[in-house]
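Engineer: I am sharing model31.pdb, which consists of PDB, C-alpha atoms, pLDDT in the B column:
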ATOM      1  CA  GLY A 118       0.000   0.000   0.000  1.00 56.00           C
ATOM      2  CA  ALA A 119       0.942   3.635  -0.157  1.00 80.00           C
ATOM      3  CA  GLY A 120       3.325   5.031   2.370  1.00 91.00           C
ATOM      4  CA  VAL A 121       3.199   8.349   4.158  1.00 94.00           C
ATOM      5  CA  SER A 122       3.039  11.239   1.747  1.00 95.00           C
ATOM      6  CA  GLN A 123       3.759  14.899   2.348  1.00 96.00           C
ATOM      7  CA  SER A 124       3.168  17.987   0.292  1.00 97.00           C
ATOM      8  CA  PRO A 125       4.650  20.164  -0.881  1.00 97.00           C
ATOM      9  CA  ARG A 126       8.086  18.581  -1.004  1.00 95.00           C
ATOM     10  CA  TYR A 127       9.721  21.988  -1.136  1.00 96.00           C
ATOM     11  CA  LYS A 128       8.442  25.337   0.002  1.00 98.00           C
ATOM     12  CA  VAL A 129      10.105  28.726  -0.184  1.00 98.00           C
ATOM     13  CA  ALA A 130       8.439  31.415   1.883  1.00 98.00           C
ATOM     14  CA  LYS A 131       9.283  35.035   2.472  1.00 97.00           C
ATOM     15  CA  ARG A 132       9.713  36.019   6.076  1.00 97.00           C
ATOM     16  CA  GLY A 133       6.344  36.836   7.557  1.00 97.00           C
ATOM     17  CA  GLN A 134       4.319  34.605   5.255  1.00 98.00           C
ATOM     18  CA  ASP A 135       2.088  31.825   6.522  1.00 98.00           C
ATOM     19  CA  VAL A 136       2.650  28.269   5.296  1.00 98.00           C
ATOM     20  CA  ALA A 137       0.667  25.040   5.505  1.00 98.00           C
ATOM     21  CA  LEU A 138       2.288  21.628   5.242  1.00 98.00           C
ATOM     22  CA  ARG A 139       0.211  18.540   4.594  1.00 98.00           C
ATOM     23  CA  CYS A 140       0.674  14.949   5.703  1.00 98.00           C
ATOM     24  CA  ASP A 141      -1.248  11.905   4.475  1.00 97.00           C
ATOM     25  CA  PRO A 142      -0.517   9.008   6.831  1.00 96.00           C
ATOM     26  CA  ILE A 143      -0.789   5.342   6.037  1.00 94.00           C
ATOM     27  CA  SER A 144      -4.428   4.316   6.010  1.00 93.00           C
ATOM     28  CA  GLY A 145      -5.514   2.923   9.358  1.00 90.00           C
ATOM     29  CA  HIS A 146      -2.614   4.365  11.321  1.00 91.00           C
ATOM     30  CA  VAL A 147      -3.924   5.880  14.500  1.00 91.00           C
ATOM     31  CA  SER A 148      -0.818   7.734  15.623  1.00 90.00           C
ATOM     32  CA  LEU A 149       0.686  10.666  13.754  1.00 93.00           C
ATOM     33  CA  PHE A 150       3.817  12.590  14.630  1.00 93.00           C
ATOM     34  CA  TRP A 151       5.403  15.774  13.316  1.00 96.00           C
ATOM     35  CA  TYR A 152       9.160  16.314  13.621  1.00 95.00           C
ATOM     36  CA  GLN A 153      11.441  19.178  12.652  1.00 96.00           C
ATOM     37  CA  GLN A 154      14.875  18.343  11.265  1.00 94.00           C
ATOM     38  CA  ALA A 155      17.471  21.076  11.017  1.00 92.00           C
ATOM     39  CA  LEU A 156      20.356  20.648   8.609  1.00 87.00           C
ATOM     40  CA  GLY A 157      22.872  18.117   9.917  1.00 84.00           C
ATOM     41  CA  GLN A 158      20.771  17.242  12.958  1.00 88.00           C
ATOM     42  CA  GLY A 159      18.446  14.502  14.030  1.00 90.00           C
ATOM     43  CA  PRO A 160      14.705  15.118  14.010  1.00 92.00           C
ATOM     44  CA  GLU A 161      13.144  16.951  16.933  1.00 93.00           C
ATOM     45  CA  PHE A 162       9.633  16.091  18.097  1.00 91.00           C
ATOM     46  CA  LEU A 163       6.973  18.724  17.508  1.00 95.00           C
ATOM     47  CA  THR A 164       3.569  17.203  18.183  1.00 94.00           C
ATOM     48  CA  TYR A 165       1.580  13.964  18.361  1.00 91.00           C
ATOM     49  CA  PHE A 166      -1.970  12.974  17.446  1.00 92.00           C
ATOM     50  CA  GLN A 167      -3.930   9.917  18.339  1.00 90.00           C
ATOM     51  CA  ASN A 168      -6.771   9.920  15.824  1.00 93.00           C
ATOM     52  CA  GLU A 169      -8.039  13.512  15.847  1.00 95.00           C
ATOM     53  CA  ALA A 170      -6.852  14.267  19.360  1.00 94.00           C
ATOM     54  CA  GLN A 171      -3.653  16.241  19.756  1.00 95.00           C
ATOM     55  CA  LEU A 172      -2.245  14.573  22.848  1.00 90.00           C
ATOM     56  CA  ASP A 173       1.134  16.236  22.982  1.00 90.00           C
ATOM     57  CA  LYS A 174       2.228  19.552  21.525  1.00 93.00           C
ATOM     58  CA  SER A 175       5.108  20.146  23.865  1.00 91.00           C
ATOM     59  CA  GLY A 176       7.643  20.320  21.035  1.00 93.00           C
ATOM     60  CA  LEU A 177       6.042  23.151  19.111  1.00 97.00           C
ATOM     61  CA  PRO A 178       8.630  25.947  19.311  1.00 95.00           C
ATOM     62  CA  SER A 179       6.227  28.857  19.507  1.00 95.00           C
ATOM     63  CA  ASP A 180       2.582  29.814  19.256  1.00 96.00           C
ATOM     64  CA  ARG A 181       3.175  30.510  15.568  1.00 98.00           C
ATOM     65  CA  PHE A 182       3.092  26.747  15.039  1.00 98.00           C
ATOM     66  CA  PHE A 183      -0.247  25.017  14.892  1.00 97.00           C
ATOM     67  CA  ALA A 184      -1.194  21.474  13.867  1.00 98.00           C
ATOM     68  CA  GLU A 185      -4.507  19.805  13.273  1.00 98.00           C
ATOM     69  CA  ARG A 186      -5.935  16.470  12.249  1.00 97.00           C
ATOM     70  CA  PRO A 187      -9.672  17.114  12.212  1.00 96.00           C
ATOM     71  CA  GLU A 188     -10.879  13.759  10.887  1.00 95.00           C
ATOM     72  CA  GLY A 189      -8.182  11.565  12.285  1.00 93.00           C
ATOM     73  CA  SER A 190      -6.384  11.003   8.994  1.00 95.00           C
ATOM     74  CA  VAL A 191      -4.788  13.899   7.068  1.00 98.00           C
ATOM     75  CA  SER A 192      -2.858  16.370   9.185  1.00 98.00           C
ATOM     76  CA  THR A 193      -1.745  19.919   8.505  1.00 98.00           C
ATOM     77  CA  LEU A 194       1.099  21.771  10.179  1.00 98.00           C
ATOM     78  CA  LYS A 195       0.684  25.509   9.893  1.00 98.00           C
ATOM     79  CA  ILE A 196       3.360  28.062  10.579  1.00 98.00           C
ATOM     80  CA  GLN A 197       2.286  31.669  10.853  1.00 98.00           C
ATOM     81  CA  ARG A 198       4.530  34.666  10.219  1.00 98.00           C
ATOM     82  CA  THR A 199       7.471  32.488   9.223  1.00 98.00           C
ATOM     83  CA  GLN A 200      10.940  33.380  10.475  1.00 97.00           C
ATOM     84  CA  GLN A 201      14.321  32.360   9.107  1.00 96.00           C
ATOM     85  CA  GLU A 202      14.878  30.020  12.023  1.00 96.00           C
ATOM     86  CA  ASP A 203      11.861  28.020  10.833  1.00 97.00           C
ATOM     87  CA  SER A 204      13.887  26.832   7.831  1.00 97.00           C
ATOM     88  CA  ALA A 205      14.149  23.054   8.208  1.00 97.00           C
ATOM     89  CA  VAL A 206      12.770  19.792   6.911  1.00 96.00           C
ATOM     90  CA  TYR A 207       9.407  18.953   8.455  1.00 97.00           C
ATOM     91  CA  LEU A 208       8.808  15.246   8.777  1.00 96.00           C
ATOM     92  CA  CYS A 209       5.562  13.440   9.325  1.00 96.00           C
ATOM     93  CA  ALA A 210       5.383   9.880  10.637  1.00 93.00           C
ATOM     94  CA  SER A 211       2.525   7.533  11.361  1.00 92.00           C
ATOM     95  CA  SER A 212       2.193   4.294  13.267  1.00 89.00           C
ATOM     96  CA  PHE A 213      -0.418   1.776  14.209  1.00 83.00           C
ATOM     97  CA  TYR A 214      -1.109   2.458  17.852  1.00 70.00           C
ATOM     98  CA  GLY A 215      -0.416  -0.366  20.216  1.00 57.00           C
ATOM     99  CA  ILE A 216       1.942  -1.373  22.984  1.00 50.00           C
ATOM    100  CA  ASP A 217       4.058  -3.414  20.564  1.00 52.00           C
ATOM    101  CA  SER A 218       3.771  -1.099  17.625  1.00 56.00           C
ATOM    102  CA  TYR A 219       6.694   1.220  17.998  1.00 65.00           C
ATOM    103  CA  GLU A 220       7.605   1.465  14.366  1.00 78.00           C
ATOM    104  CA  GLN A 221       7.009   4.848  12.854  1.00 86.00           C
ATOM    105  CA  TYR A 222       6.776   5.198   9.091  1.00 89.00           C
ATOM    106  CA  PHE A 223       8.110   8.446   7.722  1.00 92.00           C
ATOM    107  CA  GLY A 224       7.150  10.578   4.795  1.00 94.00           C
ATOM    108  CA  PRO A 225       9.786  12.181   2.554  1.00 92.00           C
ATOM    109  CA  GLY A 226       9.511  15.488   4.381  1.00 95.00           C
ATOM    110  CA  THR A 227       8.834  19.058   3.337  1.00 97.00           C
ATOM    111  CA  ARG A 228      11.895  21.254   3.042  1.00 96.00           C
ATOM    112  CA  LEU A 229      10.938  24.769   4.106  1.00 98.00           C
ATOM    113  CA  THR A 230      13.243  27.642   3.261  1.00 97.00           C
ATOM    114  CA  VAL A 231      12.382  31.049   4.665  1.00 97.00           C
ATOM    115  CA  THR A 232      14.080  33.925   2.885  1.00 96.00           C
TER     116      THR A 232
ATOM    117  CA  GLY B 965      15.582  13.231  30.466  1.00 81.00           C
ATOM    118  CA  ASN B 966      16.035  10.724  27.686  1.00 86.00           C
ATOM    119  CA  SER B 967      18.814  11.229  25.175  1.00 91.00           C
ATOM    120  CA  VAL B 968      20.793   9.498  22.451  1.00 95.00           C
ATOM    121  CA  THR B 969      24.439  10.069  21.603  1.00 96.00           C
ATOM    122  CA  GLN B 970      26.027   8.664  18.475  1.00 95.00           C
ATOM    123  CA  MET B 971      29.450   8.977  16.968  1.00 89.00           C
ATOM    124  CA  GLU B 972      30.070  11.962  14.805  1.00 89.00           C
ATOM    125  CA  GLY B 973      30.611  11.618  11.122  1.00 88.00           C
ATOM    126  CA  PRO B 974      31.376  11.500   8.431  1.00 95.00           C
ATOM    127  CA  VAL B 975      32.670   7.972   8.578  1.00 96.00           C
ATOM    128  CA  THR B 976      34.549   7.048   5.416  1.00 97.00           C
ATOM    129  CA  LEU B 977      35.335   3.422   4.636  1.00 97.00           C
ATOM    130  CA  SER B 978      36.385   1.352   1.673  1.00 97.00           C
ATOM    131  CA  GLU B 979      34.050  -1.233   0.215  1.00 97.00           C
ATOM    132  CA  GLU B 980      34.043  -4.530   2.123  1.00 96.00           C
ATOM    133  CA  ALA B 981      35.366  -2.916   5.292  1.00 97.00           C
ATOM    134  CA  PHE B 982      33.868  -3.636   8.714  1.00 97.00           C
ATOM    135  CA  LEU B 983      31.539  -0.971  10.047  1.00 97.00           C
ATOM    136  CA  THR B 984      30.765   0.108  13.584  1.00 97.00           C
ATOM    137  CA  ILE B 985      28.707   3.179  14.418  1.00 97.00           C
ATOM    138  CA  ASN B 986      28.501   3.749  18.161  1.00 97.00           C
ATOM    139  CA  CYS B 987      25.285   4.714  19.908  1.00 98.00           C
ATOM    140  CA  THR B 988      24.687   5.169  23.624  1.00 97.00           C
ATOM    141  CA  TYR B 989      21.541   6.280  25.389  1.00 95.00           C
ATOM    142  CA  THR B 990      20.097   7.494  28.652  1.00 93.00           C
ATOM    143  CA  ALA B 991      16.524   6.644  29.541  1.00 88.00           C
ATOM    144  CA  THR B 992      14.352   6.709  32.630  1.00 82.00           C
ATOM    145  CA  GLY B 993      12.299   3.652  31.767  1.00 80.00           C
ATOM    146  CA  TYR B 994      12.489   0.699  29.420  1.00 81.00           C
ATOM    147  CA  PRO B 995      13.259   2.045  25.985  1.00 89.00           C
ATOM    148  CA  SER B 996      12.985   0.397  22.636  1.00 90.00           C
ATOM    149  CA  LEU B 997      15.944   1.162  20.414  1.00 93.00           C
ATOM    150  CA  PHE B 998      16.064   1.796  16.700  1.00 94.00           C
ATOM    151  CA  TRP B 999      18.395   2.460  13.836  1.00 97.00           C
ATOM    152  CA  TYR B1000      16.938   4.474  10.974  1.00 95.00           C
ATOM    153  CA  VAL B1001      18.658   5.140   7.667  1.00 96.00           C
ATOM    154  CA  GLN B1002      18.240   8.085   5.323  1.00 93.00           C
ATOM    155  CA  TYR B1003      19.511   7.504   1.802  1.00 92.00           C
ATOM    156  CA  PRO B1004      20.277  10.587  -0.304  1.00 86.00           C
ATOM    157  CA  GLY B1005      17.050  12.251  -1.385  1.00 80.00           C
ATOM    158  CA  GLU B1006      14.841   9.792   0.466  1.00 84.00           C
ATOM    159  CA  GLY B1007      12.861   9.696   3.699  1.00 85.00           C
ATOM    160  CA  LEU B1008      13.839   7.993   6.924  1.00 91.00           C
ATOM    161  CA  GLN B1009      13.483   4.228   6.893  1.00 91.00           C
ATOM    162  CA  LEU B1010      13.573   1.865   9.824  1.00 92.00           C
ATOM    163  CA  LEU B1011      16.659  -0.316   9.491  1.00 96.00           C
ATOM    164  CA  LEU B1012      16.345  -2.430  12.624  1.00 95.00           C
ATOM    165  CA  LYS B1013      15.019  -2.384  16.153  1.00 93.00           C
ATOM    166  CA  ALA B1014      15.276  -4.083  19.549  1.00 94.00           C
ATOM    167  CA  THR B1015      12.641  -3.829  22.217  1.00 89.00           C
ATOM    168  CA  LYS B1016      14.332  -5.343  25.271  1.00 90.00           C
ATOM    169  CA  ALA B1017      17.745  -5.981  26.736  1.00 93.00           C
ATOM    170  CA  ASP B1018      19.951  -8.513  24.913  1.00 95.00           C
ATOM    171  CA  ASP B1019      17.715  -8.450  21.835  1.00 95.00           C
ATOM    172  CA  LYS B1020      19.578  -8.312  18.546  1.00 97.00           C
ATOM    173  CA  GLY B1021      18.049  -6.436  15.654  1.00 96.00           C
ATOM    174  CA  SER B1022      19.215  -7.310  12.162  1.00 97.00           C
ATOM    175  CA  ASN B1023      18.414  -6.348   8.593  1.00 97.00           C
ATOM    176  CA  LYS B1024      20.289  -6.124   5.274  1.00 95.00           C
ATOM    177  CA  GLY B1025      23.474  -7.432   6.910  1.00 97.00           C
ATOM    178  CA  PHE B1026      23.367  -4.814   9.665  1.00 98.00           C
ATOM    179  CA  GLU B1027      23.129  -5.845  13.313  1.00 98.00           C
ATOM    180  CA  ALA B1028      22.788  -4.102  16.662  1.00 98.00           C
ATOM    181  CA  THR B1029      22.480  -5.603  20.127  1.00 97.00           C
ATOM    182  CA  TYR B1030      20.598  -3.901  22.961  1.00 97.00           C
ATOM    183  CA  ARG B1031      23.132  -3.762  25.829  1.00 96.00           C
ATOM    184  CA  LYS B1032      21.488  -2.529  28.999  1.00 94.00           C
ATOM    185  CA  GLU B1033      24.657  -2.829  31.080  1.00 94.00           C
ATOM    186  CA  THR B1034      26.518  -0.400  28.820  1.00 95.00           C
ATOM    187  CA  THR B1035      23.407   1.493  27.642  1.00 96.00           C
ATOM    188  CA  SER B1036      24.526   0.957  24.071  1.00 97.00           C
ATOM    189  CA  PHE B1037      23.099  -0.071  20.715  1.00 98.00           C
ATOM    190  CA  HIS B1038      26.048  -0.027  18.329  1.00 98.00           C
ATOM    191  CA  LEU B1039      25.400  -0.653  14.639  1.00 98.00           C
ATOM    192  CA  GLU B1040      27.659  -3.140  12.859  1.00 98.00           C
ATOM    193  CA  LYS B1041      28.075  -4.622   9.416  1.00 98.00           C
ATOM    194  CA  GLY B1042      30.722  -7.075   8.385  1.00 97.00           C
ATOM    195  CA  SER B1043      31.264  -5.917   4.810  1.00 96.00           C
ATOM    196  CA  VAL B1044      29.908  -2.592   3.618  1.00 97.00           C
ATOM    197  CA  GLN B1045      28.928  -1.738   0.072  1.00 97.00           C
ATOM    198  CA  VAL B1046      28.870   1.548  -1.806  1.00 96.00           C
ATOM    199  CA  SER B1047      25.074   1.376  -1.660  1.00 96.00           C
ATOM    200  CA  ASP B1048      25.242   1.610   2.145  1.00 97.00           C
ATOM    201  CA  SER B1049      26.306   5.238   1.868  1.00 97.00           C
ATOM    202  CA  ALA B1050      23.664   7.159   3.797  1.00 96.00           C
ATOM    203  CA  VAL B1051      23.005   8.922   7.085  1.00 96.00           C
ATOM    204  CA  TYR B1052      22.287   6.594  10.008  1.00 97.00           C
ATOM    205  CA  PHE B1053      20.257   7.687  13.026  1.00 96.00           C
ATOM    206  CA  CYS B1054      20.025   5.951  16.375  1.00 97.00           C
ATOM    207  CA  ALA B1055      16.779   6.579  18.249  1.00 94.00           C
ATOM    208  CA  LEU B1056      14.845   5.456  21.276  1.00 91.00           C
ATOM    209  CA  SER B1057      11.246   5.309  22.363  1.00 87.00           C
ATOM    210  CA  ASP B1058      10.610   5.048  26.072  1.00 81.00           C
ATOM    211  CA  LEU B1059       7.543   3.309  27.488  1.00 67.00           C
ATOM    212  CA  MET B1060       7.721   5.638  30.466  1.00 66.00           C
ATOM    213  CA  ASP B1061       7.248   8.499  28.045  1.00 64.00           C
ATOM    214  CA  SER B1062       3.787   9.093  26.751  1.00 57.00           C
ATOM    215  CA  ASN B1063       2.995   8.757  23.088  1.00 58.00           C
ATOM    216  CA  TYR B1064       6.096   6.788  22.064  1.00 71.00           C
ATOM    217  CA  GLN B1065       7.789   9.795  20.525  1.00 79.00           C
ATOM    218  CA  LEU B1066      11.211   9.033  19.168  1.00 86.00           C
ATOM    219  CA  ILE B1067      14.291  10.646  20.688  1.00 89.00           C
ATOM    220  CA  TRP B1068      17.052  10.904  18.102  1.00 92.00           C
ATOM    221  CA  GLY B1069      20.781  11.074  17.853  1.00 94.00           C
ATOM    222  CA  ALA B1070      22.319  13.656  15.556  1.00 93.00           C
ATOM    223  CA  GLY B1071      23.007  11.154  12.785  1.00 95.00           C
ATOM    224  CA  THR B1072      26.208   9.709  11.346  1.00 96.00           C
ATOM    225  CA  LYS B1073      26.988  10.149   7.688  1.00 96.00           C
ATOM    226  CA  LEU B1074      28.557   7.049   6.173  1.00 97.00           C
ATOM    227  CA  ILE B1075      30.563   7.289   2.959  1.00 97.00           C
ATOM    228  CA  ILE B1076      31.689   4.089   1.280  1.00 97.00           C
ATOM    229  CA  LYS B1077      34.352   4.382  -1.413  1.00 96.00           C
ATOM    230  CA  PRO B1078      34.720   1.745  -4.121  1.00 94.00           C
TER     231      PRO B1078
END
So, in terms of structure tokens, how does the structure I just supplied come out?
Structural biologist:
Amino acid sequence: GAGVSQSPRYKVAKRGQDVALRCDPISGHVSLFWYQQALGQGPEFLTYFQNEAQLDKSGLPSDRFFAERPEGSVSTLKIQRTQQEDSAVYLCASSFYGIDSYEQYFGPGTRLTVT
Amino acid sequence: GNSVTQMEGPVTLSEEAFLTINCTYTATGYPSLFWYVQYPGEGLQLLLKATKADDKGSNKGFEATYRKETTSFHLEKGSVQVSDSAVYFCALSDLMDSNYQLIWGAGTKLIIKP
């Protein structure tokens, strides 16, 4: 079946613009994660959904970042008034929730460049 | 808090050489441990995992053993190929942590020369 997809793959935004990044998880996956990956670094956790419920948003760096998953499938990460420090690759991952289901499946990421 | 430390790269080897990429961790609970690989231009892929102490994860000739006594999960391969060139990430997920978020190392870039 299809894997996790993300769109757009690349986004260039001028400082101050709003952006919206989309994630389509694997069908049937209950859990959805967003990570931010700076150049040359490992991913950093942003937020987590279980179905439509956002259970953890402790990693969101500021109130300019907002994520939603209204129907428990597709998720959108929105960044308002983008800043240069927001430039990174944004990764989405999904997994089938369960005590033994640790494996997260990743999308290709969206590379955001803020100029 | 939980953390993962892995050896810095880049690591440059000749084809057929033996590979070790070191990974150590700190965790408050009972973590599961993972190695992910990121090939050029592609997304992160799970390479192997181990969910309890002394477990050995293996895939595509790569192996890693979950060593609780040394809090380590070193990645090894007996004979690397040019196609193994990629960035390798060690990560953990701690049952004591809610939501199973992954905690990541910084990644190690592996370059294999023919």
Engineer: Can you tell me which residues surround Tyr127 (chain A) at a distance of at most 9 Å, considering all atoms listed in the file, apart from same-chain residues fewer than 2 positions away, and format the answer as a list in words?
Structural biologist: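 Once the adjacent positions are removed, what remains is Ser124, Pro125, Val129, Val206, Gly226, Thr227, Arg228, Leu229 and Thr230 of chain A.
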Engineer: Would you kindly report the residues of chain B within 10 Å of chain A, using all atoms listed in the file, as number ranges by chain?
Structural biologist: B: 996-998, 1002, 1005-1010, 1012-1013, 1015, 1051-1059, 1062-1073
Engineer: Near Asp141 (chain A), within 7 Å and counting all atoms listed in the file, which residues show up once chain neighbours fewer than 3 positions away are dropped, as a list of chain:residue names?
Structural biologist: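 With the cut-off at 7 Å, the set is A:Val121, A:Ser122, A:Gln123, A:Ser190, A:Val191, A:Ser192.
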Engineer: Give as a ChimeraX atom specification the set of residues within 12 Å of the point (19.7, 4.5, 29.8), where distances use the file's coordinates and only C-alpha atoms.
Structural biologist: /B:965-969,987-997,1017,1030-1037,1056-1058
Engineer: Pull C-alpha atoms from the residues just selected and write them as an mmCIF file, in the coordinates of the input.
Structural biologist:
data_model
loop_
_atom_site.group_PDB
_atom_site.id
_atom_site.type_symbol
_atom_site.label_atom_id
_atom_site.label_comp_id
_atom_site.auth_asym_id
_atom_site.auth_seq_id
_atom_site.Cartn_x
_atom_site.Cartn_y
_atom_site.Cartn_z
ATOM 1 C CA GLY B 965 15.582 13.231 30.466
ATOM 2 C CA ASN B 966 16.035 10.724 27.686
ATOM 3 C CA SER B 967 18.814 11.229 25.175
ATOM 4 C CA VAL B 968 20.793 9.498 22.451
ATOM 5 C CA THR B 969 24.439 10.069 21.603
ATOM 6 C CA CYS B 987 25.285 4.714 19.908
ATOM 7 C CA THR B 988 24.687 5.169 23.624
ATOM 8 C CA TYR B 989 21.541 6.280 25.389
ATOM 9 C CA THR B 990 20.097 7.494 28.652
ATOM 10 C CA ALA B 991 16.524 6.644 29.541
ATOM 11 C CA THR B 992 14.352 6.709 32.630
ATOM 12 C CA GLY B 993 12.299 3.652 31.767
ATOM 13 C CA TYR B 994 12.489 0.699 29.420
ATOM 14 C CA PRO B 995 13.259 2.045 25.985
ATOM 15 C CA SER B 996 12.985 0.397 22.636
ATOM 16 C CA LEU B 997 15.944 1.162 20.414
ATOM 17 C CA ALA B 1017 17.745 -5.981 26.736
ATOM 18 C CA TYR B 1030 20.598 -3.901 22.961
ATOM 19 C CA ARG B 1031 23.132 -3.762 25.829
ATOM 20 C CA LYS B 1032 21.488 -2.529 28.999
ATOM 21 C CA GLU B 1033 24.657 -2.829 31.080
ATOM 22 C CA THR B 1034 26.518 -0.400 28.820
ATOM 23 C CA THR B 1035 23.407 1.493 27.642
ATOM 24 C CA SER B 1036 24.526 0.957 24.071
ATOM 25 C CA PHE B 1037 23.099 -0.071 20.715
ATOM 26 C CA LEU B 1056 14.845 5.456 21.276
ATOM 27 C CA SER B 1057 11.246 5.309 22.363
ATOM 28 C CA ASP B 1058 10.610 5.048 26.072
#
Engineer: Give me, please, the distance in Å between CA of Gln970 (chain B) and CA of Asn1023 (chain B), quoted to one decimal.
Structural biologist: 19.5 Å
Engineer: Find the distance between CA of Glu980 (chain B) and CA of Gln1045 (chain B) and write it in Å to one decimal.
Structural biologist: 6.2 Å
Engineer: What's around Val1046 (chain B) at 8 Å? Count all atoms listed in the file, leave out sequence neighbours fewer than 3 positions away in its own chain, and write the answer as a ChimeraX atom specification.
Structural biologist: /B:979,1049,1075-1078
Engineer: Can you tell me how far CA of Asn168 (chain A) sits from CA of Val147 (chain A), in Å to one decimal?
Structural biologist: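 We find that CA of Asn168 (chain A) and CA of Val147 (chain A) lie 5.1 Å from each other.
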Engineer: Selection in question (the file shown): the PyMOL selection byres ((chain A and resi 196) around 12). Which residues does it include, as a PyMOL selection string?
Structural biologist: chain A and resi 130+132-139+177-185+193-195+197-204+207+229+231
